[in-house]
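Trainee: Encoded as structure tokens, here's the structure I'll be asking about.
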Amino acid sequence: MASIARCLRVARPAAFSAVSRSSASRTPAARCFSVTAANAIKRYTKEHEWIDVTADKKTGVVGITEYAARQLGDIVYVELPEEGKAVAAGDAIGAVESVKSAADINAPISCKITQVNLLLEDKPDTINKVAEDDSHGGGWIAKVQLTEDGVNEFDALMDEAAYAEFTSEEGDH
Amino acid sequence: MTLLTRLGTLPRRVSSTPKLNCPPSSPFSRPSRPPTIHQRRAYAPLLHHPLQIYRSSSADPYLNLSIEHHLLTRSDPDSTILFLYTNRPCVVIGRNQNPWLEVNLHALREGLPPPPDGTPQEAGGGGNTPISLVRRRSGGGTVFHDAGNTNYSVICPPRIFDRDRHALMVVRALQSLGVAAPLTHPNAVRVNERHDIVLDRPDGETANGVRTFKVSGSAYKLTRTRALHHGTCLLGSGNLGRVGGLLRGPLGGFVKARGVESVRSAICNVGGGREEFEEAVVGEFVRMYGDGAGEGVVIGEEEALRQEEVVKGVRELMDAEWIFGQTPGFVFSTHPTEEDPRERPAVEWSLPDDFHAQLTVRHGEIQSARFAGFEYRDFGVDEACEDGILSTTLAGKRLHHIKDWRRTLKQASPAAIDADNVGDWLNHMFGIRPPAPFDTTHTPAGSSVGGAVAEAVVQAISHTPVAQLLSGRDIDL
């Protein structure tokens, strides 16, 4: 999900400025809170993936961020990750297609894919609606089991405030 | 579908076409520069250069896309690269498209007839020119390529990527060649809302006085560290009238498919030659990014195939499991269903009256089949029960491996069945040309035309120079 960040500057200036605004002052109405695990911790990558892990850091849920989903535009197809596959941080685990672009989905940390969100096969635009919702009906992409490396990599990722700042800086370019 | 003949002779570049051709907002100065000299040399050592310009001397679509993929994955992440190539006749589908829907596989297999003047389009042995079927790694819809279509590809860091940036670069190149025809219409060549390059041609019969034709289609691939934009440009294809017939399969009205559907557009040539166009695109690329690239490099087939990753890429793209097996899920159904209540086109009159068929296909594999209404030769069989057994037996078969539906149905049926008409119709639907009837005893010469679509594709591929080069190196295709 790396490169989508600035891709629509010319094509959709309105969408772009909307993003810059909303990352500075996010309104609760525009966000989806996860409700699955108590004390879940959420982190973000520079490539615009999010991962929400349980308090014991054993399992987590992965998706692409609302910011990324807005930048990509209408998502028309999701290539889901392969269940059971062990992946390293940064590996391409799937892809989304929007507006003629096939964009890789990367593993935010080293992990094993335990479940994929089959809802996205029929309703890929769920990601445009609720990209960061990890509940049934949400736009999450995969459930994962963290490896030892994965736990360390997780700790190094951005928290919500850092990601908000990161995206607002991207928007200012 | 019209050839733009009036632009057949183009003025030579900037000096002869004054400022009118340059959009007023263009930020790029237009100094005259000498033509780029392309040298044939190894490209792998150049992958760390900040600016790189390459041209492929190969016409093989699998090889050219694999060189491009090699550049995408192995170049310095901060570098910006221009790559130009022209393919032999082929139909290229997008990463997430359905070849059974998007392509008329029968027409593809027929190939292109020799042009009326008798000169063969490609060295291919006098008969029809074969057309390759290719699935690219980028998104978007289906396009036709031939020697009259030149492709440009720009690979850049994500931070400077947007979908129009390099389409506009090509528009400026076309304008510098005089394609804009600014005296007839100020926006004659432009990028439209779908990020394609279109040509507005004067037409007295339309309300706004112009008719719009697509001359170039764009597609993108975004990785963690890189962004790729590639596009076609129709310069002088002699096959425009045939493209429509290649791009529509008979399956359309019977299928509900996931994935990406192509948008049909009227197309035309912009005129001009390949070298002229390449030169102009290189010129605009250098104006945007500077002269640091030095002289362009021509990549030859042997040089490209010395790169292990290019060979790996070619093998991936030529694999029928990629071309067909990557197809997003779809449901084929002869009758309206709850999920897809559309009225269906009329089926062949020769099919049994109450014949029903439904196939659910995922990654080319039949997940479930529901056939009903077959006619059985034995009296007294429970027809519904036999239909059920036949349907269950079909699950798990790979659609692109089926060589002849007549035989597949007969083999799947426990009772003697009249399956020839249904089998013929399904062969037609799925682009299969079955072996000649009763071929178990004698196989006519040239029977290689029959068989599964996957086989036909692999067979066509195996005759290409690149495949022969690969096989000469003991690489098993």
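How things are named: the first chain in the structure tokens is A, the next is B, and so on; residues count from 1 in each chain; ligands count from 1 in the order shown.
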Residues of chain B near chain A: apply a cut-off of 9 Å, count only C-alpha atoms, and supply the list as a PyMOL selection string.
Mentor: chain B and resi 94-96+137-141+157-165+193-195+218-227+229+258-260+328-329
Trainee: Would you please give, as a list in words, all residues of range 72-153 of chain A that DSSP assigns to alpha helix (DSSP H) based on the backbone?
Mentor: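 After running DSSP on the backbone, range 72-153 of chain A has alpha helix (DSSP H) at Leu72, Leu119, Leu120, Glu121, Asp122, Thr126, Ile127, Asn128, Lys129, Val130, Glu148, Asp149, Gly150, Val151, Asn152 and Glu153 of chain A.
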Trainee: For range 55-60 of chain A, work out the shell of residues within 10 Å, counting only C-alpha atoms and skipping chain neighbours fewer than 5 positions away, then give it as a PyMOL selection string.
Mentor: chain A and resi 37-42+111-114+134+142-148+150-151+154
Trainee: Save the residues we just selected, C-alpha atoms, as an mmCIF file, in the first residue's frame?
Mentor:
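Output contents, as saved in again_11.cif:
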```
data_model
loop_
_atom_site.group_PDB
_atom_site.id
_atom_site.type_symbol
_atom_site.label_atom_id
_atom_site.label_comp_id
_atom_site.auth_asym_id
_atom_site.auth_seq_id
_atom_site.Cartn_x
_atom_site.Cartn_y
_atom_site.Cartn_z
ATOM 1 C CA ALA A 37 -10.389 -7.469 21.950
ATOM 2 C CA ALA A 38 -10.206 -5.579 25.186
ATOM 3 C CA ASN A 39 -7.039 -3.520 25.496
ATOM 4 C CA ALA A 40 -6.157 -4.111 21.859
ATOM 5 C CA ILE A 41 -3.239 -2.060 20.658
ATOM 6 C CA LYS A 42 -3.167 -0.625 17.180
ATOM 7 C CA CYS A 111 3.308 -13.297 11.081
ATOM 8 C CA LYS A 112 1.262 -16.272 9.972
ATOM 9 C CA ILE A 113 -2.045 -15.708 8.175
ATOM 10 C CA THR A 114 -4.743 -17.579 10.068
ATOM 11 C CA ASP A 134 -12.060 -5.508 12.425
ATOM 12 C CA ALA A 142 -6.570 -10.934 7.515
ATOM 13 C CA LYS A 143 -6.248 -12.320 11.010
ATOM 14 C CA VAL A 144 -2.710 -13.237 11.934
ATOM 15 C CA GLN A 145 -0.571 -14.968 14.522
ATOM 16 C CA LEU A 146 2.478 -12.932 15.527
ATOM 17 C CA THR A 147 5.946 -14.470 15.397
ATOM 18 C CA GLU A 148 8.673 -13.508 17.862
ATOM 19 C CA GLY A 150 6.729 -9.869 14.631
ATOM 20 C CA VAL A 151 6.310 -8.728 18.237
ATOM 21 C CA PHE A 154 5.147 -4.332 16.052
#
```
Trainee: Counting only C-alpha atoms, what is within 7 Å of Phe374 in chain B, bar same-chain residues fewer than 5 positions away, as an MDAnalysis selection string?
Mentor: chainID B and resid 352 355 387
Trainee: Measuring between only C-alpha atoms, which one of B:His145, B:Asp382, B:Val281, B:Leu305 shows the shortest distance to His70 in chain B?
Mentor: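 Ranking B:His145, B:Asp382, B:Val281, B:Leu305 by distance to His70 in chain B, first place goes to B:Leu305.
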Trainee: May I have all residues of range 47-294 of chain B that DSSP, computed from the backbone, assigns to strand (DSSP E or B), given as a PyMOL selection string?
Mentor: chain B and resi 51-56+80-85+90-93+112+129+132-135+143-145+149+151-156+189-191+197-202+210-216+218-222+227-231+234+255-257+267-268
Trainee: Please list as a PyMOL selection string every residue within 7 Å of range 99-101 of chain B, counting only C-alpha atoms and excluding residues in the same chain fewer than 2 positions away.
Mentor: chain B and resi 97+103+248-249+251-252+324+430
Trainee: Store the residues of this selection in a file with C-alpha atoms, as a short mmCIF file (atom, residue, chain, number, x, y, z; two decimals), in the first residue's frame.
Mentor:
```cif
data_model
loop_
_atom_site.label_atom_id
_atom_site.label_comp_id
_atom_site.auth_asym_id
_atom_site.auth_seq_id
_atom_site.Cartn_x
_atom_site.Cartn_y
_atom_site.Cartn_z
CA GLN B 97 -9.84 -9.95 -15.40
CA VAL B 103 -11.40 -12.37 -25.01
CA ARG B 248 -15.73 -10.12 -26.97
CA GLY B 249 -16.30 -13.69 -25.91
CA LEU B 251 -19.95 -15.93 -22.53
CA GLY B 252 -21.00 -12.39 -21.64
CA PHE B 324 -6.37 -18.65 -16.53
CA PHE B 430 -15.52 -21.57 -23.18
#
```
Trainee: Would you list the contacts of Tyr152 in chain B as an MDAnalysis selection string, taking every protein, DNA or RNA residue within 9 Å and counting only C-alpha atoms, but skipping same-chain residues closer than 6 positions in sequence?
Mentor: chainID B and resid 82:86 170 229:233 278 281
Trainee: Could you check which of B:Arg88, B:Lys403, B:Arg398, B:Lys214 is closest to His363 in chain B, using only C-alpha atoms?
Mentor: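 Using only C-alpha atoms, the shortest distance to His363 in chain B belongs to B:Arg398.
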Trainee: Compile the contact shell of range 56-58 of chain B as an mmCIF file with C-alpha atoms, in the first residue's frame: residues with an atom at most 6 Å away, counting only C-alpha atoms, same-chain residues fewer than 4 positions apart removed.
Mentor:
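So out35.cif came out as:
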```
data_model
loop_
_atom_site.group_PDB
_atom_site.id
_atom_site.type_symbol
_atom_site.label_atom_id
_atom_site.label_comp_id
_atom_site.auth_asym_id
_atom_site.auth_seq_id
_atom_site.Cartn_x
_atom_site.Cartn_y
_atom_site.Cartn_z
ATOM 1 C CA TYR B 85 8.692 -1.510 -26.198
ATOM 2 C CA VAL B 298 18.604 -1.032 -26.121
ATOM 3 C CA ILE B 299 17.840 -4.295 -24.333
ATOM 4 C CA GLY B 300 18.088 -7.366 -26.526
ATOM 5 C CA GLU B 301 16.410 -10.743 -25.963
#
```
